[in-house]
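Engineer: Below is a structure I'd like to ask you about.
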Amino acid sequence: MIKHLLSISILFLGLSAFSQSFSVMYDFGSVMSGTANTGTLDPTPPPTATGVTFGSFMAVGTPTSTSANGVFAFSGWDIGVMNGNDTYSSYTAAINPAKYYEVTVTPNSSTVTLSSITFNMSRSSTGPRTWVVRSNKDSYGANLPSMVSGNTNINVQVTNVFFWALDNYTVTGGKQEAGGTINLSGPNFTNQTTPYTFRWYPYNAESGAGTFRIDTVRFNGTVTGASGIAEYTQDINSAFKIYPNPSNNGFVFVDTKKLNYSKIEVVNVLGATVTSENKEGTHTEKLKLDLNAIPAGTYFIRVTAGDKVYTERFFITK
């Protein structure tokens, strides 16, 4: 009777919703300039998180050649300030809706809440002095709430406009300005099932050759949804064991206790098979799974043996 009650309690847990936080970063590590120029689409593999797909950054309305390696850096921004002018109120350029950097974040069979975006930026000596971030959730109509922390070289003006404060301050040796944050809240960014698209609009350059670059762009949020696992068993007499659990390096051992299994699958919380091993007729007691390529999160190992299926939950923490 005790064993029966234990199995029932875990069955209800398997049917509950899940909520998983993520913090992913774009590092633009594969962007190349010069003769190996990679163009206006970042070729770096996008970051990954369970329940959400992150697209690649693209530059729109700019020249086709990036100006630096390992960052997203382009020229061609609208001119609106004379060299050396630090008086923000005298700048003349407005946002050009045809020139921007863009990226899309898409929920997958779940709802996604975004809480913030942080990023680093830099400019050449004649590059844009102002920039804003907008989203498709209001058809790119308003600047998203912006702030700068711990950096006096940039600040935020009224209507959430980022401002490079002093023209005579120029970055050297690849230095980037950190502290730029976009705070996301409200219904447009809570429990969304449709894609988010974000655009960075640099403007008020001192010359058309001036460059604007972004790097280390981090998205922070939460994925919520119903578990794709209908039920799973987990009791002291379970058919197999998983260790270490959690795994902090992506390697997991499955001890099948000589269970005559035909298939072992790794399944995510949405019910999708991540990887599988077919071992018809084997009596291997311990199977080592290399799951280093999949992101941190909650997963299930499902073992098929004859007409029975056994499922156990495990965690990857990197």
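Residues in the structure tokens are named by chain (A, B, ... in the order shown) and by number from 1 within that chain; ligands are numbered from 1 in the order shown.
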I'd like the neighbourhood of range 165-179 of chain A as a list of chain:residue names, where a residue qualifies if any of its atoms comes within 6 Å (using only C-alpha atoms), though same-chain residues fewer than 4 positions away should be ignored.

Structural biologist: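 Counting only C-alpha atoms, the residues come to A:Gly84, A:Asp86, A:Asn120, A:Met121, A:Ser122, A:Ser125, A:Val148, A:Ser149, A:Asn153, A:Ile154.
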
Engineer: Do a neighbour search on Phe314 in chain A at 7 Å with only C-alpha atoms, toss out local chain neighbours closer than 3 positions, and write the hits as a PyMOL selection string.

Structural biologist: chain A and resi 245-246+298-300

Engineer: List as a PyMOL selection string the protein and nucleic acid residues near range 262-267 of chain A, meaning an atom at most 7 Å away when only C-alpha atoms are counted, but skip any in the same chain fewer than 3 places from it.

Structural biologist: chain A and resi 271-281+299-305

Engineer: Emit the selected residues as an mmCIF file, in the first residue's frame, including N, CA and C atoms.

Structural biologist:
```cif
data_model
loop_
_atom_site.group_PDB
_atom_site.id
_atom_site.type_symbol
_atom_site.label_atom_id
_atom_site.label_comp_id
_atom_site.auth_asym_id
_atom_site.auth_seq_id
_atom_site.Cartn_x
_atom_site.Cartn_y
_atom_site.Cartn_z
ATOM 1 N N GLY A 271 7.859 16.966 -23.988
ATOM 2 C CA GLY A 271 7.538 15.660 -24.543
ATOM 3 C C GLY A 271 8.298 15.310 -25.798
ATOM 4 N N ALA A 272 9.206 16.178 -26.235
ATOM 5 C CA ALA A 272 9.976 15.920 -27.451
ATOM 6 C C ALA A 272 11.212 15.080 -27.129
ATOM 7 N N THR A 273 11.511 14.100 -27.993
ATOM 8 C CA THR A 273 12.691 13.261 -27.801
ATOM 9 C C THR A 273 13.940 14.037 -28.196
ATOM 10 N N VAL A 274 14.872 14.147 -27.256
ATOM 11 C CA VAL A 274 16.125 14.867 -27.501
ATOM 12 C C VAL A 274 17.146 13.942 -28.151
ATOM 13 N N THR A 275 17.250 12.737 -27.633
ATOM 14 C CA THR A 275 18.148 11.734 -28.213
ATOM 15 C C THR A 275 17.660 10.363 -27.779
ATOM 16 N N SER A 276 18.098 9.325 -28.480
ATOM 17 C CA SER A 276 17.659 7.973 -28.139
ATOM 18 C C SER A 276 18.753 6.969 -28.469
ATOM 19 N N GLU A 277 18.706 5.841 -27.786
ATOM 20 C CA GLU A 277 19.633 4.730 -27.999
ATOM 21 C C GLU A 277 18.814 3.458 -28.172
ATOM 22 N N ASN A 278 19.026 2.732 -29.271
ATOM 23 C CA ASN A 278 18.375 1.443 -29.477
ATOM 24 C C ASN A 278 19.366 0.334 -29.110
ATOM 25 N N LYS A 279 18.975 -0.483 -28.149
ATOM 26 C CA LYS A 279 19.871 -1.526 -27.653
ATOM 27 C C LYS A 279 19.130 -2.854 -27.562
ATOM 28 N N GLU A 280 18.576 -3.302 -28.635
ATOM 29 C CA GLU A 280 17.756 -4.509 -28.652
ATOM 30 C C GLU A 280 18.528 -5.704 -28.093
ATOM 31 N N GLY A 281 17.944 -6.315 -27.044
ATOM 32 C CA GLY A 281 18.492 -7.552 -26.521
ATOM 33 C C GLY A 281 19.707 -7.393 -25.630
ATOM 34 N N TYR A 299 14.681 17.067 -17.559
ATOM 35 C CA TYR A 299 14.494 16.085 -18.617
ATOM 36 C C TYR A 299 13.982 14.776 -18.013
ATOM 37 N N PHE A 300 13.607 13.845 -18.878
ATOM 38 C CA PHE A 300 13.158 12.519 -18.463
ATOM 39 C C PHE A 300 13.897 11.485 -19.282
ATOM 40 N N ILE A 301 14.265 10.374 -18.624
ATOM 41 C CA ILE A 301 14.785 9.220 -19.357
ATOM 42 C C ILE A 301 13.684 8.173 -19.393
ATOM 43 N N ARG A 302 13.364 7.733 -20.595
ATOM 44 C CA ARG A 302 12.284 6.783 -20.814
ATOM 45 C C ARG A 302 12.877 5.491 -21.370
ATOM 46 N N VAL A 303 12.648 4.389 -20.670
ATOM 47 C CA VAL A 303 13.199 3.092 -21.043
ATOM 48 C C VAL A 303 12.058 2.168 -21.469
ATOM 49 N N THR A 304 12.184 1.605 -22.676
ATOM 50 C CA THR A 304 11.201 0.649 -23.185
ATOM 51 C C THR A 304 11.766 -0.752 -23.067
ATOM 52 N N ALA A 305 11.023 -1.619 -22.383
ATOM 53 C CA ALA A 305 11.427 -3.012 -22.221
ATOM 54 C C ALA A 305 10.203 -3.892 -22.462
#
```

Engineer: Contacts between range 97-114 of chain A and range 55-88 of chain A, please, where a residue of range 55-88 of chain A counts if it comes within 7 Å (with only C-alpha atoms); show its shortest atom pair and distance in Å to one decimal, rows by chain and ascending number, as a Markdown table.

Structural biologist:
```
| residue | atom | partner | partner_atom | distance |
| --- | --- | --- | --- | --- |
| A:Gly55 | CA | A:Thr104 | CA | 5.2 |
| A:Ser56 | CA | A:Val103 | CA | 6.0 |
| A:Phe57 | CA | A:Val103 | CA | 4.7 |
| A:Met58 | CA | A:Glu102 | CA | 5.4 |
| A:Ala59 | CA | A:Tyr101 | CA | 4.5 |
| A:Val60 | CA | A:Tyr100 | CA | 5.4 |
| A:Gly61 | CA | A:Lys99 | CA | 4.5 |
| A:Thr62 | CA | A:Lys99 | CA | 6.5 |
```

Engineer: Pick the closest to Thr53 in chain A from A:Leu287, A:Val223, A:Val156, A:Ala68: which is it, counting only C-alpha atoms?

Structural biologist: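 Counting only C-alpha atoms, the residue closest to Thr53 in chain A is A:Val223.
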
Engineer: What's the separation between CA of Ile316 in chain A and CA of Asp27 in chain A, in Å to one decimal place?

Structural biologist: 22.6 Å

Engineer: In Å, with one decimal, what is the gap from CA of Thr40 in chain A to CA of Pro202 in chain A?

Structural biologist: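 Those two atoms sit 15.5 Å apart.
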
Engineer: Quick check, in Å to one decimal: how far apart do CA of Trp200 in chain A and CA of Arg134 in chain A lie?

Structural biologist: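 It comes out at 6.7 Å.
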
Engineer: For Ser33 in chain A, please output as a VMD selection string all residues within 8 Å (counting only C-alpha atoms; exclusion window: fewer than 2 positions along the same chain).

Structural biologist: chain A and resid 31 35 to 38 65 to 69

Engineer: List every residue of range 150-256 of chain A that DSSP, applied to the backbone, labels as strand (DSSP E), and write the result as a ChimeraX atom specification.

Structural biologist: /A:154-157,161-164,177-183,196-203,212-226,241-243,251-255

Engineer: Mind dumping the selected residues with C-alpha atoms as a PDB file, in the first residue's frame?

Structural biologist:
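Listing of out.pdb after writing:
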```pdb
ATOM      1  CA  ILE A 154      26.432  56.534 -21.373  1.00  0.00           C
ATOM      2  CA  ASN A 155      23.081  57.566 -19.927  1.00  0.00           C
ATOM      3  CA  VAL A 156      19.371  57.550 -20.737  1.00  0.00           C
ATOM      4  CA  GLN A 157      17.555  60.701 -21.840  1.00  0.00           C
ATOM      5  CA  VAL A 161      16.899  57.260 -25.518  1.00  0.00           C
ATOM      6  CA  PHE A 162      20.402  55.949 -24.826  1.00  0.00           C
ATOM      7  CA  PHE A 163      22.993  58.749 -25.140  1.00  0.00           C
ATOM      8  CA  TRP A 164      26.790  58.594 -25.550  1.00  0.00           C
ATOM      9  CA  GLU A 177      30.406  50.043 -22.674  1.00  0.00           C
ATOM     10  CA  ALA A 178      28.349  47.808 -20.371  1.00  0.00           C
ATOM     11  CA  GLY A 179      25.324  48.578 -18.234  1.00  0.00           C
ATOM     12  CA  GLY A 180      22.657  49.050 -20.902  1.00  0.00           C
ATOM     13  CA  THR A 181      19.417  47.372 -19.788  1.00  0.00           C
ATOM     14  CA  ILE A 182      15.944  47.057 -21.296  1.00  0.00           C
ATOM     15  CA  ASN A 183      13.330  46.338 -18.625  1.00  0.00           C
ATOM     16  CA  TYR A 196       8.951  38.626 -29.932  1.00  0.00           C
ATOM     17  CA  THR A 197      11.025  40.702 -32.350  1.00  0.00           C
ATOM     18  CA  PHE A 198      13.375  43.393 -31.077  1.00  0.00           C
ATOM     19  CA  ARG A 199      15.119  46.163 -33.013  1.00  0.00           C
ATOM     20  CA  TRP A 200      18.078  48.355 -32.044  1.00  0.00           C
ATOM     21  CA  TYR A 201      17.951  51.748 -33.850  1.00  0.00           C
ATOM     22  CA  PRO A 202      21.242  53.729 -33.788  1.00  0.00           C
ATOM     23  CA  TYR A 203      21.100  57.331 -35.112  1.00  0.00           C
ATOM     24  CA  PHE A 212      27.866  51.266 -34.003  1.00  0.00           C
ATOM     25  CA  ARG A 213      28.410  47.879 -32.427  1.00  0.00           C
ATOM     26  CA  ILE A 214      26.586  45.659 -29.953  1.00  0.00           C
ATOM     27  CA  ASP A 215      27.867  42.592 -28.143  1.00  0.00           C
ATOM     28  CA  THR A 216      27.142  40.304 -25.179  1.00  0.00           C
ATOM     29  CA  VAL A 217      23.370  40.606 -25.641  1.00  0.00           C
ATOM     30  CA  ARG A 218      21.594  38.646 -22.904  1.00  0.00           C
ATOM     31  CA  PHE A 219      17.891  37.735 -22.751  1.00  0.00           C
ATOM     32  CA  ASN A 220      16.396  36.882 -19.351  1.00  0.00           C
ATOM     33  CA  GLY A 221      13.006  35.285 -18.845  1.00  0.00           C
ATOM     34  CA  THR A 222      10.873  32.281 -17.971  1.00  0.00           C
ATOM     35  CA  VAL A 223       9.264  29.466 -19.975  1.00  0.00           C
ATOM     36  CA  THR A 224       5.979  28.089 -18.619  1.00  0.00           C
ATOM     37  CA  GLY A 225       3.848  25.242 -19.926  1.00  0.00           C
ATOM     38  CA  ALA A 226       2.263  21.875 -19.290  1.00  0.00           C
ATOM     39  CA  LYS A 241      18.533   4.448 -11.713  1.00  0.00           C
ATOM     40  CA  ILE A 242      20.050   7.678 -13.041  1.00  0.00           C
ATOM     41  CA  TYR A 243      23.216   9.239 -11.642  1.00  0.00           C
ATOM     42  CA  PHE A 251      27.193  13.172 -18.578  1.00  0.00           C
ATOM     43  CA  VAL A 252      24.570  10.802 -17.161  1.00  0.00           C
ATOM     44  CA  PHE A 253      24.790   7.106 -16.298  1.00  0.00           C
ATOM     45  CA  VAL A 254      21.727   4.873 -16.580  1.00  0.00           C
ATOM     46  CA  ASP A 255      21.863   1.754 -14.410  1.00  0.00           C
TER      47      ASP A 255
END
```

Engineer: Tell me which protein, DNA and RNA residues are within 12 Å of Gly297 in chain A, counting only C-alpha atoms, leaving out same-chain ones fewer than 2 positions away, and put them as a ChimeraX atom specification.

Structural biologist: /A:18-23,48-51,222-223,245-248,250,267-270,291-292,294-295,299-300,313-318

Engineer: Store the residues picked out above in a file with C-alpha atoms, as a PDB file, in the first residue's frame.

Structural biologist:
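This is the output file out07.pdb:
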```
ATOM      1  CA  PHE A  18       6.519  23.475 -15.313  1.00  0.00           C
ATOM      2  CA  SER A  19       8.254  26.835 -15.097  1.00  0.00           C
ATOM      3  CA  GLN A  20      11.893  27.251 -16.029  1.00  0.00           C
ATOM      4  CA  SER A  21      14.013  30.400 -15.996  1.00  0.00           C
ATOM      5  CA  PHE A  22      16.621  31.128 -18.649  1.00  0.00           C
ATOM      6  CA  SER A  23      19.402  33.604 -19.240  1.00  0.00           C
ATOM      7  CA  THR A  48      19.326  27.722 -26.786  1.00  0.00           C
ATOM      8  CA  ALA A  49      16.808  27.186 -23.986  1.00  0.00           C
ATOM      9  CA  THR A  50      14.025  24.662 -23.470  1.00  0.00           C
ATOM     10  CA  GLY A  51      10.684  25.826 -24.861  1.00  0.00           C
ATOM     11  CA  THR A 222      10.873  32.281 -17.971  1.00  0.00           C
ATOM     12  CA  VAL A 223       9.264  29.466 -19.975  1.00  0.00           C
ATOM     13  CA  ASN A 245      21.211  13.528 -10.680  1.00  0.00           C
ATOM     14  CA  PRO A 246      21.483  16.418 -11.151  1.00  0.00           C
ATOM     15  CA  SER A 247      24.369  16.289 -13.614  1.00  0.00           C
ATOM     16  CA  ASN A 248      26.524  19.402 -13.816  1.00  0.00           C
ATOM     17  CA  GLY A 250      25.997  16.746 -19.152  1.00  0.00           C
ATOM     18  CA  VAL A 267      12.769  13.515 -23.435  1.00  0.00           C
ATOM     19  CA  ASN A 268      12.387  17.201 -22.554  1.00  0.00           C
ATOM     20  CA  VAL A 269       9.549  18.722 -20.534  1.00  0.00           C
ATOM     21  CA  LEU A 270       7.562  19.360 -23.704  1.00  0.00           C
ATOM     22  CA  LEU A 291      24.186  15.105 -23.079  1.00  0.00           C
ATOM     23  CA  ASN A 292      26.635  17.974 -22.974  1.00  0.00           C
ATOM     24  CA  ILE A 294      21.690  20.048 -24.682  1.00  0.00           C
ATOM     25  CA  PRO A 295      20.903  23.051 -22.460  1.00  0.00           C
ATOM     26  CA  TYR A 299      14.494  16.085 -18.617  1.00  0.00           C
ATOM     27  CA  PHE A 300      13.158  12.519 -18.463  1.00  0.00           C
ATOM     28  CA  ARG A 313      13.135  12.490 -14.158  1.00  0.00           C
ATOM     29  CA  PHE A 314      16.602  14.047 -13.988  1.00  0.00           C
ATOM     30  CA  PHE A 315      18.210  17.481 -14.146  1.00  0.00           C
ATOM     31  CA  ILE A 316      21.127  19.038 -15.990  1.00  0.00           C
ATOM     32  CA  THR A 317      22.736  22.034 -14.257  1.00  0.00           C
ATOM     33  CA  LYS A 318      25.655  23.648 -16.074  1.00  0.00           C
TER      34      LYS A 318
END
```
